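Participant: Sharing a structure, written as structure tokens. Questions coming.
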Amino acid sequence: MQFVYSSTRELDTRTQEKFYLSTELLMENAAMALRQAIYRYPSQRVLVVCGGGDNGGDGYALARHLQGSAYEVGCYAHKPPKSLLCQLQFERAQRAGVCMLDQIESCGIVLDCLYGSGFKGELSACDQDLIARLNAIEGIKIACDVPSGIDSKGRVGNNAFKADITISMGALKAALFSDVAKDFVGEIIVGDLGVGRGLYEEPSNLFLLEEKDLILPLRSKHNVHKGYFGHVGVWVGTQRGAGFLAGLAALKFGAGLVSVLGERVLAEQKPLELMYTHDIPSQANAFIMGMGMGTPPPCLEQMLEQAPCVLDADMFYLPHLKEILEGSSQLVLTPHPKEFTSLLNAVGFKVELPQVLESRLEYLHAFSDAYPHVVVLLKGTNTYIAHHGQIYINNLGAPSLAKGGSGDVLAGMVGALLAQGYSPLDAAISASLAHALAGHLNTQSYALTPISLMDNLSRL
């Protein structure tokens with residue numbers, strides 16, 4: 001996993017002071033990072049669109065680096081140079097003979113050096129028109145630091161530059177991992193500013209998960225039986241299908257035994273692979289509840305006391321949810337944003353869904369600070385997992401997962417790992433990663449179903 005930062009301003013300052021790297025030298029290194037991205041493609045015409053701040057300065061420095069190379073480069077100054085460094089790099093580009101354009105021209109590669117991470121507020125009408133024209137150009141699009149139009153919170157107003165590649169300077173920025181940003185950032189690469197990331201970065205409470213962080217519940221021993229791999233109990237409520245999907249997913253993801261229980265379950269109605277029990281099985285070492293639940297189970301307290309629990313869906317609307325959170329030590333919550341809004345209000349936050357959608361990261365931090373012992377897996381375009389004030393970002397999900405039942409499968413997968421001895425945090429991380437990666441294994445993204453998603457788990 002990699003560190004992620006809400007802002008890298010302090011890291012820049014520390015790097016300058018510790019390694020005697022001036023802001024001018026950092027800008028030169030940023031330009032070289034952009035040049036490395038361009039060198040991935042054959043020589044062709046490059047259009048660098050510059051703003052008036054330091055992001056524009058990066059663009060003018062890049063143009064100078066490309067001048068005289070196999071790439072034909074031209075700069076379009078959307079705004080006159082304003083910052084001192086931007087003025088300096090503009091003059092250097094002119095002295096190097098870089099072509100300064102008075103209008104947008106066709107090209108093979110477009111560089112967005114308008115605003116970067118310093119953008120605030122809304123794009124002007126003129127900015128919107130420019131970005132729309134840039135997005136309409138056929139060719140490779142590269143953003144310097146953060147695509148213009150995305151602010152430091154990852155919010156997008158009327159429009160943003162739609163990049164194929166974003167070069168995040170120095171380190172990864174949290175703004176690149178909001179749900180709305182995902183359609184604009186493309187591939188994210190960290191640009192070297194003159195020192196390796198191990199020297200540039202400091203510990204952070206934000207992490208980006210990677211595929212290599214997935215720990216599958218592989219079976220290495222041969223002299224085993226089903227009891228070695230845990231017993232999951234799934235409460236099946238009013239909408240029985242949701243509970244059955246969770247149970248099947250738990251079995252598919254390695255649980256040795258899965259039992260369904262609930263007042264509306266009859267033994268002959270369940271899938272053949274699942275066991276049925278009228279009472280809570282004493283051997284169960286993980287429980288899953290909430291999906292399609294309707295009314296809460298009468299044995300709720302017993303399940304919460306007996307083993308780690310995955311809480312989903314209808315659980316987040318219980319009037320005594322706060323008491324459950326305060327009285328239970330091994331919980332994994334798997335809400336989507338609307339359910340998370342209900343959860344926040346249940347514990348004393350007064351928020352509406354639009355606020356949560358706009359500031360998911362901030363609200364998740366606040367909740368985790370208040371309930372550090374609880375693991376929250378907040379579903380979305382990017383999945384956030386919080387525990388003890390630290391947040392892990394999974395950006396590997398696919399649009400194929402936007403189907404009814406996908407969340408039930410995920411809850412079952414978390415429960416399976418809990419039963420097999422994973423900690424609540426590790427269960428949430430590995431289940432989320434496996435769920436995301438399995439979503440990519442269908443030939444057509446629209447064709448994924450909960451059953452095919454479960455089948456894909458065997459292909460990881």
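In the structure tokens, the first chain shown is A, the next is B, and so on; residue numbers restart at 1 for each chain, and ligands run from 1 in the order shown.
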Fewer than 6 positions away in the same chain doesn't count, so skip those; otherwise give me all residues within 12 Å of Lys120 (chain A), counting only C-alpha atoms, as a ChimeraX atom specification.
Facilitator: /A:148-157
Participant: Where in region 388-421 of chain A does DSSP assign helix (DSSP H, G or I), given as a list in words?
Facilitator: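 The helix (DSSP H, G or I) residues within region 388-421 of chain A come out as Pro399, Ser400, Leu401, Ser406, Gly407, Asp408, Val409, Leu410, Ala411, Gly412, Met413, Val414, Gly415, Ala416, Leu417, Leu418 and Ala419 of chain A.
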Participant: Got a sec: who's within 7 Å of region 429-436 of chain A, counting only C-alpha atoms, leaving out chain neighbours fewer than 4 positions off, as a short mmCIF file (atom, residue, chain, number, x, y, z; two decimals) with C-alpha atoms, in the first residue's frame?
Facilitator:
```cif
data_model
loop_
_atom_site.label_atom_id
_atom_site.label_comp_id
_atom_site.auth_asym_id
_atom_site.auth_seq_id
_atom_site.Cartn_x
_atom_site.Cartn_y
_atom_site.Cartn_z
CA GLU A 211 -3.53 -5.67 -5.58
CA LEU A 214 -4.80 -8.95 -1.03
CA ILE A 215 -4.34 -12.01 1.18
CA ASN A 394 -9.50 0.80 -2.68
CA LEU A 396 -9.69 -0.98 -8.02
CA GLY A 397 -13.46 -1.38 -8.33
CA ALA A 398 -15.25 -1.67 -11.66
CA LEU A 410 -19.20 -8.47 -0.22
CA MET A 413 -16.91 -12.43 1.86
CA VAL A 414 -16.03 -10.30 4.91
CA LEU A 425 -9.57 -4.77 9.46
#
```
Participant: Return as CSV the residues of region 378-445 of chain A lying at most 8 Å from region 354-373 of chain A, together with the closest atom-to-atom pair for each and the distance in Å to one decimal, counting only C-alpha atoms, with rows in chain order and ascending residue number.
Facilitator:
```
residue,atom,partner,partner_atom,distance
A:Tyr384,CA,A:Leu361,CA,7.9
A:Ala386,CA,A:Ser368,CA,6.2
A:His387,CA,A:Pro372,CA,5.7
A:His388,CA,A:Pro372,CA,4.0
A:Gly389,CA,A:Ser368,CA,5.0
A:Gln390,CA,A:His365,CA,7.6
A:Ile391,CA,A:His365,CA,7.5
```
Participant: When you draw a straight line from CA of Ala284 (chain A) to CA of Lys403 (chain A), how long is it in Å?
Facilitator: 29.5 Å
Participant: Do you know which residues are at most 6 Å from Val234 (chain A) counting only C-alpha atoms, after dropping those on the same chain fewer than 2 positions away, and could you put them as a PyMOL selection string?
Facilitator: chain A and resi 260+287-288
Participant: Rank nothing, just name the residue among A:Leu304, A:Phe161, A:Asp312, A:Arg14 nearest to Glu326 (chain A), using only C-alpha atoms.
Facilitator: A:Leu304
